[in-house]
$ cat upload.cif   # mmCIF, C-alpha atoms and all ligand atoms
data_final
#
loop_
_atom_site.group_PDB
_atom_site.id
_atom_site.type_symbol
_atom_site.label_atom_id
_atom_site.label_comp_id
_atom_site.auth_asym_id
_atom_site.auth_seq_id
_atom_site.Cartn_x
_atom_site.Cartn_y
_atom_site.Cartn_z
ATOM 1 C CA MET A 381 -23.011 -62.126 -5.934
ATOM 2 C CA LYS A 382 -25.928 -64.277 -4.964
ATOM 3 C CA GLN A 383 -25.656 -63.060 -1.397
ATOM 4 C CA GLN A 384 -25.665 -59.377 -2.461
ATOM 5 C CA ALA A 385 -28.789 -59.928 -4.524
ATOM 6 C CA SER A 386 -30.604 -61.527 -1.615
ATOM 7 C CA VAL A 387 -29.646 -58.695 0.767
ATOM 8 C CA MET A 388 -31.049 -56.221 -1.734
ATOM 9 C CA GLY A 389 -34.083 -58.416 -2.211
ATOM 10 C CA ALA A 390 -34.894 -58.091 1.476
ATOM 11 C CA THR A 391 -35.645 -54.373 1.192
ATOM 12 C CA GLU A 392 -36.509 -53.611 -2.391
ATOM 13 C CA ASN A 393 -40.229 -54.067 -1.842
ATOM 14 C CA LEU A 394 -40.416 -52.108 1.405
ATOM 15 C CA VAL A 395 -42.655 -49.095 0.976
ATOM 16 C CA PRO A 396 -42.726 -46.591 3.843
ATOM 17 C CA ASP A 397 -46.161 -46.078 5.354
ATOM 18 C CA THR A 398 -46.679 -42.302 5.228
ATOM 19 C CA ARG A 399 -50.411 -42.206 5.946
ATOM 20 C CA HIS A 400 -49.711 -39.852 8.828
ATOM 21 C CA GLY A 401 -47.815 -37.514 6.521
ATOM 22 C CA VAL A 402 -44.420 -38.259 8.074
ATOM 23 C CA ILE A 403 -41.656 -40.070 6.187
ATOM 24 C CA LEU A 404 -38.809 -39.914 8.739
ATOM 25 C CA TYR A 405 -39.219 -40.284 12.478
ATOM 26 C CA MET A 406 -36.360 -39.705 14.922
ATOM 27 C CA GLU A 407 -37.430 -39.987 18.539
ATOM 28 C CA ASN A 408 -35.258 -39.615 21.648
ATOM 29 C CA VAL A 409 -32.126 -40.343 19.643
ATOM 30 C CA SER A 410 -28.791 -40.089 21.442
ATOM 31 C CA VAL A 411 -25.313 -40.791 20.109
ATOM 32 C CA SER A 412 -22.211 -40.647 22.296
ATOM 33 C CA PHE A 413 -18.573 -40.592 21.279
ATOM 34 C CA ASP A 414 -16.372 -41.361 24.278
ATOM 35 C CA GLY A 415 -19.005 -39.959 26.622
ATOM 36 C CA PHE A 416 -19.600 -36.816 24.517
ATOM 37 C CA LYS A 417 -23.196 -36.565 23.293
ATOM 38 C CA ALA A 418 -23.130 -35.664 19.584
ATOM 39 C CA LEU A 419 -26.923 -36.205 19.541
ATOM 40 C CA ASN A 420 -28.800 -35.676 22.766
ATOM 41 C CA ASP A 421 -32.371 -36.950 23.026
ATOM 42 C CA LEU A 422 -33.122 -35.585 19.577
ATOM 43 C CA ASN A 423 -36.644 -35.544 18.147
ATOM 44 C CA LEU A 424 -37.158 -34.788 14.475
ATOM 45 C CA TYR A 425 -39.985 -35.486 12.052
ATOM 46 C CA ILE A 426 -39.665 -34.970 8.302
ATOM 47 C CA ASN A 427 -42.932 -34.765 6.385
ATOM 48 C CA ASP A 428 -43.465 -36.693 3.186
ATOM 49 C CA GLY A 429 -42.558 -34.488 0.221
ATOM 50 C CA GLU A 430 -41.186 -31.548 2.171
ATOM 51 C CA LEU A 431 -37.953 -29.638 1.699
ATOM 52 C CA ARG A 432 -36.338 -29.195 5.114
ATOM 53 C CA CYS A 433 -33.191 -27.251 5.885
ATOM 54 C CA LEU A 434 -31.015 -28.229 8.838
ATOM 55 C CA ILE A 435 -28.751 -25.555 10.210
ATOM 56 C CA GLY A 436 -26.506 -25.320 13.239
ATOM 57 C CA ALA A 437 -23.023 -24.283 14.233
ATOM 58 C CA ASN A 438 -20.006 -26.529 13.671
ATOM 59 C CA GLY A 439 -20.323 -29.597 15.879
ATOM 60 C CA ALA A 440 -24.087 -29.186 16.426
ATOM 61 C CA GLY A 441 -24.684 -32.769 15.268
ATOM 62 C CA LYS A 442 -25.891 -32.344 11.675
ATOM 63 C CA THR A 443 -23.539 -34.911 10.143
ATOM 64 C CA THR A 444 -24.138 -37.358 12.977
ATOM 65 C CA LEU A 445 -27.890 -37.026 12.383
ATOM 66 C CA MET A 446 -27.436 -37.906 8.685
ATOM 67 C CA ASP A 447 -25.110 -40.773 9.681
ATOM 68 C CA VAL A 448 -27.793 -42.204 11.961
ATOM 69 C CA ILE A 449 -30.496 -42.048 9.276
ATOM 70 C CA THR A 450 -28.261 -43.776 6.730
ATOM 71 C CA GLY A 451 -27.053 -46.461 9.132
ATOM 72 C CA LYS A 452 -23.422 -45.320 9.254
ATOM 73 C CA THR A 453 -23.679 -44.578 12.978
ATOM 74 C CA ARG A 454 -25.862 -46.510 15.408
ATOM 75 C CA PRO A 455 -27.478 -44.518 18.212
ATOM 76 C CA ASP A 456 -27.142 -45.508 21.885
ATOM 77 C CA GLN A 457 -30.871 -45.085 22.226
ATOM 78 C CA GLY A 458 -33.921 -43.889 20.337
ATOM 79 C CA LYS A 459 -36.159 -44.765 17.457
ATOM 80 C CA VAL A 460 -35.448 -44.057 13.776
ATOM 81 C CA ASN A 461 -38.220 -45.032 11.374
ATOM 82 C CA PHE A 462 -38.751 -44.708 7.638
ATOM 83 C CA GLY A 463 -42.474 -44.192 7.418
ATOM 84 C CA GLN A 464 -44.423 -45.555 10.333
ATOM 85 C CA GLN A 465 -43.329 -49.141 10.065
ATOM 86 C CA ILE A 466 -39.752 -49.504 8.778
ATOM 87 C CA ASP A 467 -37.249 -49.599 11.632
ATOM 88 C CA LEU A 468 -34.045 -48.212 10.111
ATOM 89 C CA LEU A 469 -32.017 -49.393 13.095
ATOM 90 C CA LYS A 470 -32.616 -52.953 11.900
ATOM 91 C CA LEU A 471 -31.223 -52.280 8.404
ATOM 92 C CA ASN A 472 -27.627 -51.889 7.261
ATOM 93 C CA GLU A 473 -26.362 -49.028 5.094
ATOM 94 C CA ALA A 474 -26.931 -50.837 1.785
ATOM 95 C CA GLU A 475 -30.443 -51.885 2.794
ATOM 96 C CA ILE A 476 -31.326 -48.335 3.858
ATOM 97 C CA ALA A 477 -30.168 -46.982 0.489
ATOM 98 C CA GLN A 478 -32.081 -49.728 -1.282
ATOM 99 C CA ALA A 479 -35.213 -48.945 0.733
ATOM 100 C CA GLY A 480 -35.183 -45.410 -0.716
ATOM 101 C CA ILE A 481 -32.970 -43.080 1.309
ATOM 102 C CA GLY A 482 -30.272 -41.474 -0.821
ATOM 103 C CA ARG A 483 -27.420 -39.367 0.493
ATOM 104 C CA LYS A 484 -25.277 -36.826 -1.261
ATOM 105 C CA PHE A 485 -22.027 -35.945 0.461
ATOM 106 C CA GLN A 486 -20.473 -32.503 0.171
ATOM 107 C CA LYS A 487 -17.749 -33.508 -2.271
ATOM 108 C CA PRO A 488 -18.977 -34.733 -5.670
ATOM 109 C CA THR A 489 -18.032 -38.338 -6.371
ATOM 110 C CA VAL A 490 -18.926 -38.885 -10.003
ATOM 111 C CA PHE A 491 -17.027 -41.265 -12.291
ATOM 112 C CA GLU A 492 -14.837 -38.672 -14.023
ATOM 113 C CA ALA A 493 -13.660 -40.946 -16.849
ATOM 114 C CA LEU A 494 -17.222 -41.806 -17.895
ATOM 115 C CA SER A 495 -19.754 -39.674 -19.728
ATOM 116 C CA VAL A 496 -22.638 -37.926 -17.983
ATOM 117 C CA TYR A 497 -25.014 -40.463 -19.536
ATOM 118 C CA GLU A 498 -22.910 -43.430 -18.402
ATOM 119 C CA ASN A 499 -22.796 -42.087 -14.855
ATOM 120 C CA LEU A 500 -26.592 -42.000 -14.803
ATOM 121 C CA TYR A 501 -26.832 -45.409 -16.467
ATOM 122 C CA LEU A 502 -24.739 -47.000 -13.737
ATOM 123 C CA SER A 503 -26.933 -45.438 -11.056
ATOM 124 C CA LEU A 504 -30.272 -46.699 -12.384
ATOM 125 C CA LYS A 505 -32.349 -48.759 -10.034
ATOM 126 C CA MET A 506 -31.933 -52.135 -11.680
ATOM 127 C CA ASP A 507 -33.446 -55.536 -11.148
ATOM 128 C CA LYS A 508 -31.269 -58.267 -9.735
ATOM 129 C CA GLY A 509 -30.109 -58.907 -13.328
ATOM 130 C CA ILE A 510 -27.684 -55.982 -12.963
ATOM 131 C CA TRP A 511 -25.340 -58.248 -11.042
ATOM 132 C CA CYS A 512 -24.695 -60.376 -14.104
ATOM 133 C CA SER A 513 -25.139 -57.946 -16.989
ATOM 134 C CA LEU A 514 -23.429 -54.608 -16.574
ATOM 135 C CA TRP A 515 -23.986 -52.362 -19.607
ATOM 136 C CA HIS A 516 -27.057 -54.300 -20.643
ATOM 137 C CA LYS A 517 -29.437 -52.654 -23.107
ATOM 138 C CA LEU A 518 -31.816 -50.203 -21.465
ATOM 139 C CA ASN A 519 -35.540 -50.625 -21.885
ATOM 140 C CA GLY A 520 -37.759 -47.716 -22.937
ATOM 141 C CA GLU A 521 -38.724 -46.796 -19.405
ATOM 142 C CA GLN A 522 -35.091 -46.681 -18.264
ATOM 143 C CA LYS A 523 -34.148 -44.518 -21.259
ATOM 144 C CA ASP A 524 -37.039 -42.177 -20.424
ATOM 145 C CA ASP A 525 -35.853 -42.040 -16.812
ATOM 146 C CA ILE A 526 -32.368 -40.941 -17.901
ATOM 147 C CA GLU A 527 -33.770 -38.318 -20.296
ATOM 148 C CA ARG A 528 -36.013 -36.937 -17.552
ATOM 149 C CA ILE A 529 -33.140 -36.798 -15.081
ATOM 150 C CA LEU A 530 -30.859 -35.097 -17.634
ATOM 151 C CA ALA A 531 -33.525 -32.427 -18.130
ATOM 152 C CA THR A 532 -34.094 -32.055 -14.373
ATOM 153 C CA ILE A 533 -30.404 -31.528 -13.630
ATOM 154 C CA GLY A 534 -29.895 -29.332 -16.708
ATOM 155 C CA LEU A 535 -27.233 -31.518 -18.331
ATOM 156 C CA THR A 536 -29.002 -32.718 -21.483
ATOM 157 C CA GLU A 537 -26.501 -30.942 -23.727
ATOM 158 C CA GLN A 538 -23.546 -32.378 -21.798
ATOM 159 C CA ARG A 539 -24.826 -35.956 -21.925
ATOM 160 C CA HIS A 540 -21.963 -37.304 -24.061
ATOM 161 C CA GLY A 541 -19.258 -35.228 -22.402
ATOM 162 C CA LEU A 542 -16.941 -36.670 -19.781
ATOM 163 C CA ALA A 543 -18.064 -36.044 -16.224
ATOM 164 C CA GLY A 544 -14.476 -35.025 -15.437
ATOM 165 C CA ASN A 545 -14.866 -32.018 -17.754
ATOM 166 C CA LEU A 546 -17.935 -30.629 -15.962
ATOM 167 C CA SER A 547 -17.741 -27.572 -13.721
ATOM 168 C CA HIS A 548 -17.918 -28.082 -9.958
ATOM 169 C CA GLY A 549 -21.604 -27.125 -9.933
ATOM 170 C CA GLN A 550 -22.432 -29.424 -12.834
ATOM 171 C CA LYS A 551 -20.710 -32.329 -11.054
ATOM 172 C CA GLN A 552 -22.873 -31.677 -8.011
ATOM 173 C CA TRP A 553 -25.999 -31.721 -10.178
ATOM 174 C CA LEU A 554 -24.861 -34.917 -11.885
ATOM 175 C CA GLU A 555 -24.436 -36.551 -8.514
ATOM 176 C CA ILE A 556 -27.924 -35.457 -7.524
ATOM 177 C CA GLY A 557 -29.077 -36.996 -10.827
ATOM 178 C CA MET A 558 -27.279 -40.234 -9.930
ATOM 179 C CA LEU A 559 -29.173 -40.311 -6.667
ATOM 180 C CA LEU A 560 -32.448 -39.682 -8.508
ATOM 181 C CA ALA A 561 -31.720 -42.605 -10.837
ATOM 182 C CA ALA A 562 -32.048 -44.914 -7.830
ATOM 183 C CA LYS A 563 -35.603 -43.512 -7.291
ATOM 184 C CA PRO A 564 -35.230 -42.506 -3.649
ATOM 185 C CA ARG A 565 -38.134 -41.289 -1.510
ATOM 186 C CA VAL A 566 -35.785 -39.266 0.715
ATOM 187 C CA LEU A 567 -32.732 -37.281 -0.365
ATOM 188 C CA LEU A 568 -30.211 -36.155 2.252
ATOM 189 C CA VAL A 569 -27.998 -33.433 0.833
ATOM 190 C CA ASP A 570 -24.919 -32.148 2.640
ATOM 191 C CA GLU A 571 -23.791 -28.563 1.874
ATOM 192 C CA PRO A 572 -24.793 -28.631 -1.800
ATOM 193 C CA VAL A 573 -23.680 -25.098 -2.696
ATOM 194 C CA ALA A 574 -20.255 -25.018 -1.029
ATOM 195 C CA GLY A 575 -17.780 -23.773 -3.640
ATOM 196 C CA MET A 576 -20.455 -22.887 -6.211
ATOM 197 C CA THR A 577 -20.728 -19.662 -8.180
ATOM 198 C CA LEU A 578 -23.717 -17.434 -7.509
ATOM 199 C CA GLN A 579 -25.369 -18.611 -10.716
ATOM 200 C CA GLU A 580 -24.780 -22.274 -9.846
ATOM 201 C CA THR A 581 -26.164 -21.639 -6.368
ATOM 202 C CA GLU A 582 -29.361 -20.175 -7.832
ATOM 203 C CA ARG A 583 -29.724 -23.111 -10.202
ATOM 204 C CA THR A 584 -29.231 -25.531 -7.288
ATOM 205 C CA ALA A 585 -31.959 -23.760 -5.346
ATOM 206 C CA GLU A 586 -34.335 -24.277 -8.286
ATOM 207 C CA LEU A 587 -33.281 -27.907 -8.645
ATOM 208 C CA LEU A 588 -33.779 -28.850 -4.985
ATOM 209 C CA THR A 589 -37.059 -26.951 -4.813
ATOM 210 C CA SER A 590 -38.305 -28.820 -7.886
ATOM 211 C CA LEU A 591 -37.461 -32.196 -6.299
ATOM 212 C CA ALA A 592 -39.621 -31.618 -3.224
ATOM 213 C CA GLY A 593 -43.096 -33.073 -3.558
ATOM 214 C CA GLU A 594 -42.106 -36.221 -5.381
ATOM 215 C CA HIS A 595 -39.195 -36.608 -2.937
ATOM 216 C CA SER A 596 -38.588 -35.502 0.630
ATOM 217 C CA VAL A 597 -35.401 -33.438 0.682
ATOM 218 C CA VAL A 598 -33.287 -32.698 3.756
ATOM 219 C CA VAL A 599 -30.554 -30.138 3.164
ATOM 220 C CA VAL A 600 -27.717 -29.343 5.570
ATOM 221 C CA GLU A 601 -26.285 -25.963 4.669
ATOM 222 C CA HIS A 602 -24.256 -23.159 6.234
ATOM 223 C CA ASP A 603 -24.998 -20.605 3.496
ATOM 224 C CA MET A 604 -27.867 -18.700 5.085
ATOM 225 C CA SER A 605 -28.881 -16.759 1.986
ATOM 226 C CA PHE A 606 -29.232 -20.096 0.173
ATOM 227 C CA VAL A 607 -31.280 -21.515 3.062
ATOM 228 C CA ARG A 608 -33.464 -18.425 2.974
ATOM 229 C CA SER A 609 -34.032 -18.885 -0.759
ATOM 230 C CA ILE A 610 -35.242 -22.503 -0.530
ATOM 231 C CA ALA A 611 -36.516 -23.156 2.956
ATOM 232 C CA ARG A 612 -40.085 -23.476 4.013
ATOM 233 C CA THR A 613 -39.206 -25.099 7.317
ATOM 234 C CA VAL A 614 -35.842 -24.749 9.019
ATOM 235 C CA THR A 615 -34.634 -26.892 11.915
ATOM 236 C CA VAL A 616 -31.874 -25.465 14.097
ATOM 237 C CA LEU A 617 -29.642 -28.003 15.822
ATOM 238 C CA HIS A 618 -27.640 -27.046 18.884
ATOM 239 C CA GLN A 619 -25.526 -29.374 21.013
ATOM 240 C CA GLY A 620 -27.179 -32.443 19.543
ATOM 241 C CA SER A 621 -30.822 -31.406 20.026
ATOM 242 C CA VAL A 622 -33.428 -29.437 18.124
ATOM 243 C CA LEU A 623 -33.257 -25.858 19.408
ATOM 244 C CA ALA A 624 -35.956 -24.383 17.191
ATOM 245 C CA GLU A 625 -38.043 -25.172 14.149
ATOM 246 C CA GLY A 626 -40.172 -23.021 11.868
ATOM 247 C CA THR A 627 -40.088 -20.634 8.959
ATOM 248 C CA MET A 628 -36.976 -18.567 8.428
ATOM 249 C CA ALA A 629 -38.733 -15.540 9.930
ATOM 250 C CA GLN A 630 -39.775 -17.538 13.008
ATOM 251 C CA ILE A 631 -36.244 -18.895 13.422
ATOM 252 C CA GLN A 632 -34.634 -15.478 13.156
ATOM 253 C CA SER A 633 -36.865 -14.031 15.840
ATOM 254 C CA HIS A 634 -36.728 -17.094 18.111
ATOM 255 C CA PRO A 635 -35.312 -16.110 21.522
ATOM 256 C CA ASP A 636 -33.234 -19.320 21.937
ATOM 257 C CA VAL A 637 -31.713 -18.949 18.479
ATOM 258 C CA LYS A 638 -30.889 -15.305 19.173
ATOM 259 C CA ARG A 639 -29.299 -16.267 22.467
ATOM 260 C CA VAL A 640 -27.137 -19.000 20.922
ATOM 261 C CA TYR A 641 -26.144 -17.148 17.770
ATOM 262 C CA LEU A 642 -25.963 -13.601 19.020
ATOM 263 C CA GLY A 643 -25.403 -14.025 22.716
ATOM 264 C CA GLU A 644 -22.490 -15.281 24.724
ATOM 265 C CA GLU A 645 -22.745 -18.794 23.217
ATOM 266 C CA SER A 646 -22.126 -17.436 19.701
ATOM 267 C CA THR A 647 -19.428 -19.328 17.715
HETATM 268 N N1 LIG B 701 -16.542 -40.428 15.157
HETATM 269 C C1 LIG B 701 -16.478 -39.467 16.081
HETATM 270 N N2 LIG B 701 -15.722 -39.603 17.200
HETATM 271 C C2 LIG B 701 -15.687 -38.659 18.151
HETATM 272 N N3 LIG B 701 -16.394 -37.519 18.087
HETATM 273 C C3 LIG B 701 -17.156 -37.300 17.012
HETATM 274 C C4 LIG B 701 -17.245 -38.255 15.958
HETATM 275 N N4 LIG B 701 -18.103 -37.776 15.011
HETATM 276 C C5 LIG B 701 -18.517 -36.574 15.469
HETATM 277 N N5 LIG B 701 -17.956 -36.290 16.653
HETATM 278 C C6 LIG B 701 -18.194 -35.086 17.452
HETATM 279 O O1 LIG B 701 -19.592 -34.932 17.589
HETATM 280 C C7 LIG B 701 -19.965 -33.561 17.470
HETATM 281 C C8 LIG B 701 -20.976 -33.389 16.386
HETATM 282 O O2 LIG B 701 -20.322 -33.582 15.137
HETATM 283 P P1 LIG B 701 -21.053 -33.433 13.745
HETATM 284 O O3 LIG B 701 -20.018 -33.736 12.693
HETATM 285 O O4 LIG B 701 -22.284 -34.252 13.735
HETATM 286 O O5 LIG B 701 -21.430 -31.896 13.730
HETATM 287 P P2 LIG B 701 -21.900 -30.999 12.503
HETATM 288 O O6 LIG B 701 -23.078 -30.215 12.978
HETATM 289 O O7 LIG B 701 -22.080 -31.841 11.285
HETATM 290 O O8 LIG B 701 -20.651 -30.028 12.304
HETATM 291 P P3 LIG B 701 -20.082 -29.369 10.946
HETATM 292 O O9 LIG B 701 -21.007 -28.276 10.574
HETATM 293 O O10 LIG B 701 -18.734 -28.857 11.386
HETATM 294 O O11 LIG B 701 -19.971 -30.467 9.923
HETATM 295 C C9 LIG B 701 -18.668 -32.785 17.248
HETATM 296 O O12 LIG B 701 -18.235 -32.250 18.473
HETATM 297 C C10 LIG B 701 -17.709 -33.834 16.730
HETATM 298 O O13 LIG B 701 -16.375 -33.522 17.087
#

$ encode --input "upload.cif" --output "structure tokens" --more "lines below"
Ligand SMILES: Nc1ncnc2c1ncn2[C@@H]1O[C@H](COP(=O)(O)OP(=O)(O)OP(=O)(O)O)[C@@H](O)[C@H]1O
Amino acid sequence: MKQQASVMGATENLVPDTRHGVILYMENVSVSFDGFKALNDLNLYINDGELRCLIGANGAGKTTLMDVITGKTRPDQGKVNFGQQIDLLKLNEAEIAQAGIGRKFQKPTVFEALSVYENLYLSLKMDKGIWCSLWHKLNGEQKDDIERILATIGLTEQRHGLAGNLSHGQKQWLEIGMLLAAKPRVLLVDEPVAGMTLQETERTAELLTSLAGEHSVVVVEHDMSFVRSIARTVTVLHQGSVLAEGTMAQIQSHPDVKRVYLGEEST
């Protein structure tokens, strides 16, 4: 326990330096699996507070990119920084999460046997005291945080209900709320609307859009109408590199994107 607390203590006061407006830097990043380059000299910059959509065909490298940012996969070469000064390649997965980079996987992983409120409670960014006092009494600020998150994710009315009884969309929102409870600067969100109803998809678009500004949000998504509804800037990955970047209109008329998606390389 003591050791866990000290690992967390190493990163909890790290604040990314975003004076240049950039919160995530990936420069010349390559990742190989048995000689195959899943990321190939990739360069990507995410601005502080922006909502960025990452698109690309199956196998383009989107998941590998997220894995590199969160420390799950180590690149063969390249630089990955959180703000100007924090070298993410020197931190482990837990330290990266603690430093303020939250990740939401495609499948919701809420605690089904606990209430919505309890799920959020357990996700709060706690002091080291959490290690010895689970279910301790919340202070006013923590209670306010949970109320604000419940309102943000639209689950105030369901607060006492079991998470297991929520719809698929509501579980996804709860999990986003659980990420928010840890007060991340960056949220990485993998295919948030897969399996959602149209109404849930629209609500998710509103939710993610509302999070940008206070957070930087990176969304990987295949649903192009959803991407169109939320994206200001879209990055297209192809064979492990950035093929194009810009507004949706710029992307759609980009010659390289047309060639890959509509030409002979189409998948
Ligand atoms: N651990 C691994 N071992 C071997 N090859 C891998 C591994 N992880 C990914 N790859 C390969 O690297 C390439 C990029 O995979 P990645 O999962 O990053 O793509 P993606 O853009 O997320 O695809 P999708 O949209 O299907 O999720 C693929 O060809 C994949 O098979």

$ closest_atom_pairs --input "upload.cif" --of "chain A" --to "ligand LIG 701 (chain B)" --cutoff "9 Å" --atoms "all atoms listed in the file" --output "CSV"
residue,atom,partner,partner_atom,distance
A:Val411,CA,B:LIG701,O1,8.6
A:Ser412,CA,B:LIG701,N3,7.8
A:Phe413,CA,B:LIG701,C2,4.7
A:Asp414,CA,B:LIG701,C2,6.7
A:Phe416,CA,B:LIG701,O1,7.2
A:Lys417,CA,B:LIG701,O1,6.9
A:Ala418,CA,B:LIG701,O1,4.1
A:Leu419,CA,B:LIG701,C8,7.3
A:Ile435,CA,B:LIG701,O6,7.8
A:Gly436,CA,B:LIG701,O6,6.0
A:Ala437,CA,B:LIG701,O9,5.8
A:Asn438,CA,B:LIG701,O10,3.5
A:Gly439,CA,B:LIG701,O5,3.3
A:Ala440,CA,B:LIG701,O6,3.7
A:Gly441,CA,B:LIG701,O4,3.2
A:Lys442,CA,B:LIG701,O6,3.8
A:Thr443,CA,B:LIG701,O7,3.6
A:Thr444,CA,B:LIG701,O4,3.7
A:Leu445,CA,B:LIG701,O4,6.4
A:Met446,CA,B:LIG701,O4,8.1
A:Asp447,CA,B:LIG701,O4,8.2
A:Thr453,CA,B:LIG701,N1,8.5
A:Asp570,CA,B:LIG701,O11,9.0
A:Val600,CA,B:LIG701,O7,8.4
A:Glu601,CA,B:LIG701,O9,8.3
A:His602,CA,B:LIG701,O9,7.5
A:Leu617,CA,B:LIG701,O6,7.5
A:His618,CA,B:LIG701,O6,8.1
A:Gln619,CA,B:LIG701,C8,7.6
A:Gly620,CA,B:LIG701,C8,7.0

$ residues_around --input "upload.cif" --residues "Phe485 of chain A" --least-positions-apart "5" --cutoff "9 Å" --atoms "only C-alpha atoms" --output "list of chain:residue names"
A:Leu568, A:Val569, A:Asp570, A:Glu571, A:Pro572

$ residues_around --input "upload.cif" --residues "Thr577 of chain A" --least-positions-apart "6" --cutoff "10 Å" --atoms "all atoms listed in the file" --output "PDB file with C-alpha atoms, keeping the file's coordinate frame"
ATOM      1  CA  HIS A 548     -17.918 -28.082  -9.958  1.00  0.00           C
ATOM      2  CA  GLY A 549     -21.604 -27.125  -9.933  1.00  0.00           C
ATOM      3  CA  ARG A 583     -29.724 -23.111 -10.202  1.00  0.00           C
TER       4      ARG A 583
END

$ atom_distance --input "upload.cif" --atom1 "atom CA of Leu500 of chain A" --atom2 "atom CA of Gln579 of chain A"
23.8 Å

$ resolve_selection --input "upload.cif" --expression "the PyMOL selection byres (((chain A and resi 542) around 8) and not hetatm)" --output "ChimeraX atom specification"
/A:492-496,540-541,543-546

$ resolve_selection --input "upload.cif" --expression "the PyMOL selection byres (((chain A and resi 584) around 9) and not hetatm)" --output "list in words"
Ile533, Gly549, Gln552, Trp553, Pro572, Val573, Gln579, Glu580, Thr581, Glu582, Arg583, Ala585, Glu586, Leu587, Leu588 and Thr589 of chain A

$ residues_around --input "upload.cif" --residues "segment 629-633 of chain A" --least-positions-apart "2" --cutoff "12 Å" --atoms "all atoms listed in the file" --output "list in words"
Cys433, Leu434, Ile435, Gly436, Met604, Val607, Arg608, Ala611, Arg612, Thr613, Val614, Thr615, Val616, Leu617, Val622, Leu623, Ala624, Glu625, Gly626, Thr627, Pro635, Asp636, Val637, Lys638, Arg639, Val640, Tyr641 and Leu642 of chain A

$ residues_near_point --input "upload.cif" --point "(-34.7, -38.8, 14.3)" --cutoff "9 Å" --atoms "all atoms listed in the file" --output "list in words"
Leu404, Tyr405, Met406, Glu407, Asn408, Val409, Leu422, Asn423, Leu424, Tyr425, Ile426, Leu445, Val448, Ile449, Gly458, Lys459, Val460 and Asn461 of chain A

$ axis_aligned_box --input "upload.cif" --around "segment 450-467 of chain A" --padding-each-side "6 Å" --output "lines of an AutoDock Vina configuration file"
center_x = -33.9
center_y = -46.7
center_z = 14.5
size_x = 33.0
size_y = 17.8
size_z = 27.5

$ resolve_selection --input "upload.cif" --expression "the PyMOL selection byres (((chain A and resi 468-474) around 9) and not hetatm)" --output "PyMOL selection string"
chain A and resi 387-388+391+448-452+454-455+459-462+466-467+475-479

$ residues_around --input "upload.cif" --residues "Ala561 of chain A" --least-positions-apart "2" --cutoff "6 Å" --atoms "only C-alpha atoms" --output "list of chain:residue names"
A:Ser503, A:Leu504, A:Met558, A:Leu559, A:Lys563

$ residues_near_point --input "upload.cif" --point "(-38.7, -32.8, 1.5)" --cutoff "8 Å" --atoms "all atoms listed in the file" --output "list in words"
Ile426, Asn427, Asp428, Gly429, Glu430, Leu431, Arg432, Val566, Leu567, Leu591, Ala592, Gly593, His595, Ser596, Val597 and Val598 of chain A
